[in-house]
Amino acid sequence: MVSGTVLVYDEEMMNYRLLWDDPECAIEVPERLSSSYKRLQDYDLVRRCLQLPVREATEEEITLVHSPEYLEVVKSTQTMDVDELKETSKKYIAAYFHQNSYRCAKLSLGGTLQLVDAVMSGDALNGMALIRPPGHHSQRSESNGFCVFNNVAVAAEYAKSKYNVQRILIVDWDVHHGQGIQYIFEDDPSVLYFSWHRYEHGSFWPKLRESDFDSVGKGRGTGFNINLPWNQIGMGNADYIAAFFHVLLPLAFEFNPELVLVSAGYDSGIGDPEGLMYATPECYAHLTHMLMHLAGGKLCMILEGGYHLRSLSESVSMTVRTLLGDPVPRLSGEMTPCYSALESIQNARHAHSPYWKCLLHDETRLVEEMSTKGMLPPEPLHTDTSAMDELLENHMKKILYPTPPVTALVVAPVGNTFHFLEGMQLEEGAVSTEQAITVTSAFSQDELNENVLNCKMLPAVEKLVNRKARNCITVSPHASLSAAAAVQQALHLGSERVFCILIGDVEMKPAEISNDGKTLFLTISGDKMPERARSPYQTFLQWKESPHDGSSFFYALFRFLLPLAYSYQPDLVILAVGSNRSVGIKDIALLGSLLQALADGAVLAVVTETEKEVIEALCNVLVKCASMCFGPYKAPAKDCAQSLTQELTAMQAKWRILQCLEDEKDNLPSCCHDGLLEIQLLQSRRQNK
């Protein structure tokens, strides 16, 4: 089984810097690498990664993308004096050269290709290239935006030529548009390119018309270029997560890539002077976790921007933690996207609706009168660096906690012949009198079955709630009763929000369901939706898959189920699976794996004992962190899409991340300013000392 995370780093890539006064380029400093590597060491992450010696890229590899003439220009900078370097740099936009630029650029690209080799050859599952100079602005014959060679673009061509990769997804979460990657692949259907970026109706660098949402590719590549322009600063966690759920992930899963490359720029994070955005470091852990479910886990992160050193280093560390399989911390803030973000999301979906089957049944409309049209450009924000460092120091202490000593517990009836995977621990704890009283007081004696107590599920629930175990699989003869008992036990132990997903012949009696917000129930069935009173804490999704021609359940996951879960922000997730289920084994495995990003990873799977294949699939993803292939995929059937739309309409008033856009925007924030307010508060405190 392929496992392990590669970290590519060499301090020699810090051996160049700006040699003259240029305010535009001054932010790209060698300390971007050293501070990030130091923070990885502080968290003891470097030791856990496989480190490879960095090699130079060859000229043949460079010219997979770049022209021989441009290569000769870069080579010639090795012998230039400062005046010559300055004059050569002026030929390009926001670029600078040093006598060591060529050597460092070859190491940067060579390190990227080594990461691709490690992942594609099976020596590692995933990895990160901590490199410099960055690459996503660089074009065939020119340097641009601090970039010399386009590391990610060359990596894509390299993977296609060396490993015969047919479909590559490039995700660019840098705050600037990676126009270099777009230009290189805009007519290539083998590469799906996604970029979100500050745009502000074309007024933000690189100020290109083709950075807008309606630039969808050319020729055979039409529909394979996805731009999500941010027309306002201050985008935060909810906006980024909504963009993944409603735009990137549905299209990416339908595309079904064989390799995922990420232009990992962290200038879209909180505190960065370039981005003026407010994504906190753990947001990148969630984005990384979602992408790990594509391409069988073959995921390569390649550093691009990021200019606030503490914000950059914390975000890099959260990315690597997630690649290593550590628990994903809870996401900070209310999950309500701002109106400007929803406008951009809606327009991107509308622009791509003719090209993607998963959008076939959506009724999208173009937002022509944008709410931000005519707004003045934002004033520069001069953030007190020490105040931001203090904010991040306190924030990281709040969200990080020790990894539970047990990864996965198993609760099974005596004599069960189920095969346990390495890393799973059989629950041996005894049911206490208090636990038994808690359950028996909630149900009548006729409803109780002795297996609920004898299977030792209640001690396992207590370990999940107290974070002594990360997740648990319960093999039960009565999934409904076991799930109900688990809910009662979790609430008794102090959980404030329990999210319960019921698949197949699993149901909760009306007496077990409340509307006080402490529980949220979602039932997934192939049967017709039952007649019931509408409730924001109880919902039903009619979804039925044919097991023979691929799955469309991914669309329900990203359009409805996961946004609902992220909005609710549960303390515990219970996934109950009975017989007569209407979704496939791989669908349930994908769901179980994605749910680990919630509730600090506390997931309890209750599966009826007859569903042995479901049990084995869930064990695989809960222990091995999403290393399986979940496809192939297909478009949702019309009746499934209609059921989904019906539930979206009913639930989005309460759970605002479900919507792509709503005509009434009074209840939505115009932008996410929580991060700015906290910075200003810290600054005022320091000034008053």
# chains A, B, ... in the order shown; residues from 1 in each chain; ligands from 1

call {"tool": "residues_around", "arguments": {"residues": "range 309-318 of chain A", "least_positions_apart": "6", "cutoff": "7 Å", "atoms": "only C-alpha atoms", "output": "PyMOL selection string"}}
result
chain A and resi 32+35-36+39-40+266+269-271+281-282+284-285+389

call {"tool": "write_last_selection", "arguments": {"atoms": "N, CA and C atoms", "output": "mmCIF file, in the first residue's frame"}}
result
data_model
loop_
_atom_site.group_PDB
_atom_site.id
_atom_site.type_symbol
_atom_site.label_atom_id
_atom_site.label_comp_id
_atom_site.auth_asym_id
_atom_site.auth_seq_id
_atom_site.Cartn_x
_atom_site.Cartn_y
_atom_site.Cartn_z
ATOM 1 N N ARG A 32 10.755 33.634 3.110
ATOM 2 C CA ARG A 32 9.501 32.915 2.876
ATOM 3 C C ARG A 32 9.723 31.407 3.015
ATOM 4 N N SER A 35 11.288 30.567 6.997
ATOM 5 C CA SER A 35 10.282 30.647 8.069
ATOM 6 C C SER A 35 9.290 29.497 7.972
ATOM 7 N N SER A 36 8.936 29.098 6.758
ATOM 8 C CA SER A 36 7.995 27.987 6.584
ATOM 9 C C SER A 36 8.633 26.675 7.034
ATOM 10 N N ARG A 39 8.860 26.488 10.797
ATOM 11 C CA ARG A 39 7.589 26.195 11.466
ATOM 12 C C ARG A 39 7.239 24.709 11.316
ATOM 13 N N LEU A 40 7.559 24.131 10.195
ATOM 14 C CA LEU A 40 7.362 22.690 10.034
ATOM 15 C C LEU A 40 8.204 21.906 11.042
ATOM 16 N N TYR A 266 -0.261 31.211 -0.562
ATOM 17 C CA TYR A 266 -0.930 31.490 0.708
ATOM 18 C C TYR A 266 -1.121 32.986 0.947
ATOM 19 N N GLY A 269 -4.450 34.143 2.422
ATOM 20 C CA GLY A 269 -4.696 33.934 3.841
ATOM 21 C C GLY A 269 -4.713 35.214 4.642
ATOM 22 N N ILE A 270 -5.142 35.097 5.882
ATOM 23 C CA ILE A 270 -5.275 36.238 6.780
ATOM 24 C C ILE A 270 -3.916 36.899 7.016
ATOM 25 N N GLY A 271 -3.919 38.229 7.009
ATOM 26 C CA GLY A 271 -2.720 39.001 7.307
ATOM 27 C C GLY A 271 -1.848 39.313 6.120
ATOM 28 N N PRO A 281 -5.395 29.695 8.850
ATOM 29 C CA PRO A 281 -4.548 28.572 8.405
ATOM 30 C C PRO A 281 -5.266 27.242 8.289
ATOM 31 N N GLU A 282 -6.204 26.955 9.194
ATOM 32 C CA GLU A 282 -6.869 25.648 9.124
ATOM 33 C C GLU A 282 -7.772 25.520 7.908
ATOM 34 N N TYR A 284 -6.844 25.935 4.915
ATOM 35 C CA TYR A 284 -6.053 25.195 3.927
ATOM 36 C C TYR A 284 -5.998 23.710 4.253
ATOM 37 N N ALA A 285 -6.126 23.367 5.531
ATOM 38 C CA ALA A 285 -6.220 21.954 5.895
ATOM 39 C C ALA A 285 -7.489 21.349 5.315
ATOM 40 N N ASP A 389 1.006 38.547 14.248
ATOM 41 C CA ASP A 389 1.714 37.401 14.829
ATOM 42 C C ASP A 389 1.056 36.970 16.136
#

call {"tool": "residues_around", "arguments": {"residues": "range 232-238 of chain A", "least_positions_apart": "4", "cutoff": "10 Å", "atoms": "only C-alpha atoms", "output": "PyMOL selection string"}}
result
chain A and resi 198-201+242-243+268-270+275-284+286+331-341+371-373+375+377-378+563+566-567+656-657+670-676

call {"tool": "write_last_selection", "arguments": {"atoms": "N, CA and C atoms", "output": "compact mmCIF listing (two decimals), in the first residue's frame"}}
result
# COMPACT_ATOMS: atom_id res chain seq x y z
N ARG A 198 -8.11 37.63 -6.57
CA ARG A 198 -8.58 39.01 -6.51
C ARG A 198 -8.68 39.55 -7.93
N TYR A 199 -9.80 40.16 -8.22
CA TYR A 199 -10.04 40.67 -9.57
C TYR A 199 -10.57 42.10 -9.53
N GLU A 200 -11.60 42.30 -8.70
CA GLU A 200 -12.20 43.62 -8.53
C GLU A 200 -12.51 44.28 -9.88
N HIS A 201 -13.23 43.48 -10.69
CA HIS A 201 -13.67 43.93 -12.02
C HIS A 201 -12.50 44.39 -12.89
N ALA A 242 -17.28 27.53 0.26
CA ALA A 242 -18.42 27.56 -0.66
C ALA A 242 -17.94 27.44 -2.11
N ALA A 243 -16.83 28.09 -2.44
CA ALA A 243 -16.29 28.01 -3.81
C ALA A 243 -15.90 26.58 -4.16
N SER A 268 -3.63 34.33 -0.11
CA SER A 268 -5.09 34.40 0.07
C SER A 268 -5.46 34.22 1.54
N GLY A 269 -4.45 34.14 2.42
CA GLY A 269 -4.70 33.93 3.84
C GLY A 269 -4.71 35.21 4.64
N ILE A 270 -5.14 35.10 5.88
CA ILE A 270 -5.28 36.24 6.78
C ILE A 270 -3.92 36.90 7.02
N GLY A 275 -3.10 40.03 -0.47
CA GLY A 275 -4.44 39.51 -0.66
C GLY A 275 -5.52 40.29 0.04
N LEU A 276 -5.24 40.77 1.27
CA LEU A 276 -6.26 41.42 2.11
C LEU A 276 -7.47 40.50 2.30
N MET A 277 -7.19 39.20 2.39
CA MET A 277 -8.24 38.21 2.62
C MET A 277 -8.09 37.65 4.04
N TYR A 278 -9.05 36.81 4.45
CA TYR A 278 -9.09 36.40 5.85
C TYR A 278 -9.24 34.89 6.05
N ALA A 279 -8.75 34.10 5.14
CA ALA A 279 -8.75 32.66 5.36
C ALA A 279 -7.74 32.32 6.44
N THR A 280 -8.18 31.64 7.48
CA THR A 280 -7.29 31.26 8.57
C THR A 280 -6.52 29.99 8.19
N PRO A 281 -5.39 29.69 8.85
CA PRO A 281 -4.55 28.57 8.41
C PRO A 281 -5.27 27.24 8.29
N GLU A 282 -6.20 26.96 9.19
CA GLU A 282 -6.87 25.65 9.12
C GLU A 282 -7.77 25.52 7.91
N CYS A 283 -8.12 26.64 7.27
CA CYS A 283 -8.91 26.57 6.04
C CYS A 283 -8.16 25.76 4.98
N TYR A 284 -6.84 25.94 4.92
CA TYR A 284 -6.05 25.20 3.93
C TYR A 284 -6.00 23.71 4.25
N HIS A 286 -8.60 22.07 5.39
CA HIS A 286 -9.87 21.58 4.85
C HIS A 286 -9.82 21.47 3.34
N LEU A 331 -13.11 24.35 11.55
CA LEU A 331 -12.98 25.58 10.78
C LEU A 331 -13.56 26.75 11.56
N SER A 332 -12.81 27.84 11.65
CA SER A 332 -13.23 29.00 12.43
C SER A 332 -14.29 29.81 11.69
N GLY A 333 -15.17 30.41 12.46
CA GLY A 333 -16.11 31.38 11.92
C GLY A 333 -17.43 30.79 11.48
N GLU A 334 -18.40 31.66 11.32
CA GLU A 334 -19.73 31.26 10.84
C GLU A 334 -19.67 30.95 9.36
N MET A 335 -20.33 29.87 8.95
CA MET A 335 -20.28 29.44 7.56
C MET A 335 -21.35 30.14 6.72
N THR A 336 -21.20 31.45 6.60
CA THR A 336 -22.11 32.24 5.78
C THR A 336 -21.30 33.02 4.76
N PRO A 337 -21.30 32.62 3.50
CA PRO A 337 -20.54 33.36 2.48
C PRO A 337 -21.10 34.77 2.30
N CYS A 338 -20.23 35.67 1.89
CA CYS A 338 -20.71 37.04 1.64
C CYS A 338 -21.38 37.11 0.26
N TYR A 339 -22.15 38.16 0.06
CA TYR A 339 -22.95 38.27 -1.15
C TYR A 339 -22.08 38.38 -2.41
N SER A 340 -20.98 39.11 -2.31
CA SER A 340 -20.11 39.25 -3.47
C SER A 340 -19.53 37.91 -3.89
N ALA A 341 -19.17 37.08 -2.91
CA ALA A 341 -18.65 35.74 -3.24
C ALA A 341 -19.71 34.92 -3.93
N SER A 371 -23.07 43.61 -7.36
CA SER A 371 -23.24 44.54 -6.23
C SER A 371 -22.00 45.37 -5.97
N THR A 372 -20.85 44.93 -6.50
CA THR A 372 -19.60 45.66 -6.26
C THR A 372 -19.19 46.55 -7.42
N LYS A 373 -19.99 46.58 -8.47
CA LYS A 373 -19.65 47.44 -9.62
C LYS A 373 -19.61 48.90 -9.16
N MET A 375 -17.51 50.27 -7.14
CA MET A 375 -16.86 50.49 -5.85
C MET A 375 -15.45 50.99 -6.05
N PRO A 377 -11.45 51.25 -5.34
CA PRO A 377 -10.46 50.27 -4.89
C PRO A 377 -10.21 50.42 -3.40
N PRO A 378 -9.92 49.34 -2.71
CA PRO A 378 -9.72 49.41 -1.26
C PRO A 378 -8.47 50.19 -0.90
N PRO A 563 -22.08 21.00 2.61
CA PRO A 563 -22.39 22.37 3.04
C PRO A 563 -23.29 22.41 4.28
N TYR A 566 -21.05 21.50 7.24
CA TYR A 566 -20.13 22.58 7.60
C TYR A 566 -20.88 23.74 8.25
N SER A 567 -22.10 23.99 7.83
CA SER A 567 -22.89 25.05 8.46
C SER A 567 -23.23 24.69 9.90
N ARG A 656 -27.02 29.02 5.22
CA ARG A 656 -26.82 29.92 4.09
C ARG A 656 -25.74 29.47 3.11
N ILE A 657 -24.83 28.60 3.53
CA ILE A 657 -23.79 28.15 2.60
C ILE A 657 -24.36 27.20 1.55
N SER A 670 -22.08 41.64 3.57
CA SER A 670 -21.52 42.16 2.33
C SER A 670 -20.11 41.66 2.11
N CYS A 671 -19.41 41.39 3.22
CA CYS A 671 -18.08 40.82 3.14
C CYS A 671 -17.69 40.32 4.52
N CYS A 672 -16.66 39.50 4.58
CA CYS A 672 -16.23 38.91 5.84
C CYS A 672 -15.16 39.79 6.47
N HIS A 673 -15.49 40.48 7.54
CA HIS A 673 -14.55 41.41 8.16
C HIS A 673 -14.12 41.00 9.55
N ASP A 674 -14.45 39.77 9.96
CA ASP A 674 -14.09 39.34 11.30
C ASP A 674 -12.58 39.45 11.53
N GLY A 675 -11.80 39.01 10.55
CA GLY A 675 -10.35 39.05 10.71
C GLY A 675 -9.84 40.47 10.85
N LEU A 676 -10.36 41.41 10.06
CA LEU A 676 -9.95 42.80 10.12
C LEU A 676 -10.29 43.40 11.47

call {"tool": "select_by_dssp", "arguments": {"residues": "range 170-414 of chain A", "states": "helix (DSSP H, G or I)", "output": "ChimeraX atom specification"}}
result
/A:179-185,209-211,219-221,237-255,281-291,295-297,309-323,339-352,357-359,385-399

call {"tool": "closest_atom_pairs", "arguments": {"of": "range 78-155 of chain A", "to": "range 166-170 of chain A", "cutoff": "12 Å", "atoms": "only C-alpha atoms", "output": "tab-separated table"}}
result
residue	atom	partner	partner_atom	distance
A:Val116	CA	A:Ile168	CA	11.9
A:His136	CA	A:Ile170	CA	10.6
A:Asn151	CA	A:Ile170	CA	11.7
A:Val152	CA	A:Ile170	CA	7.9
A:Ala153	CA	A:Ile170	CA	8.8
A:Val154	CA	A:Ile170	CA	11.8
A:Ala155	CA	A:Ile168	CA	10.1

call {"tool": "closest_residue", "arguments": {"among": "A:Cys500, A:Leu541, A:Leu493, A:Leu113", "to": "Phe560 in chain A", "atoms": "only C-alpha atoms"}}
result
A:Leu541
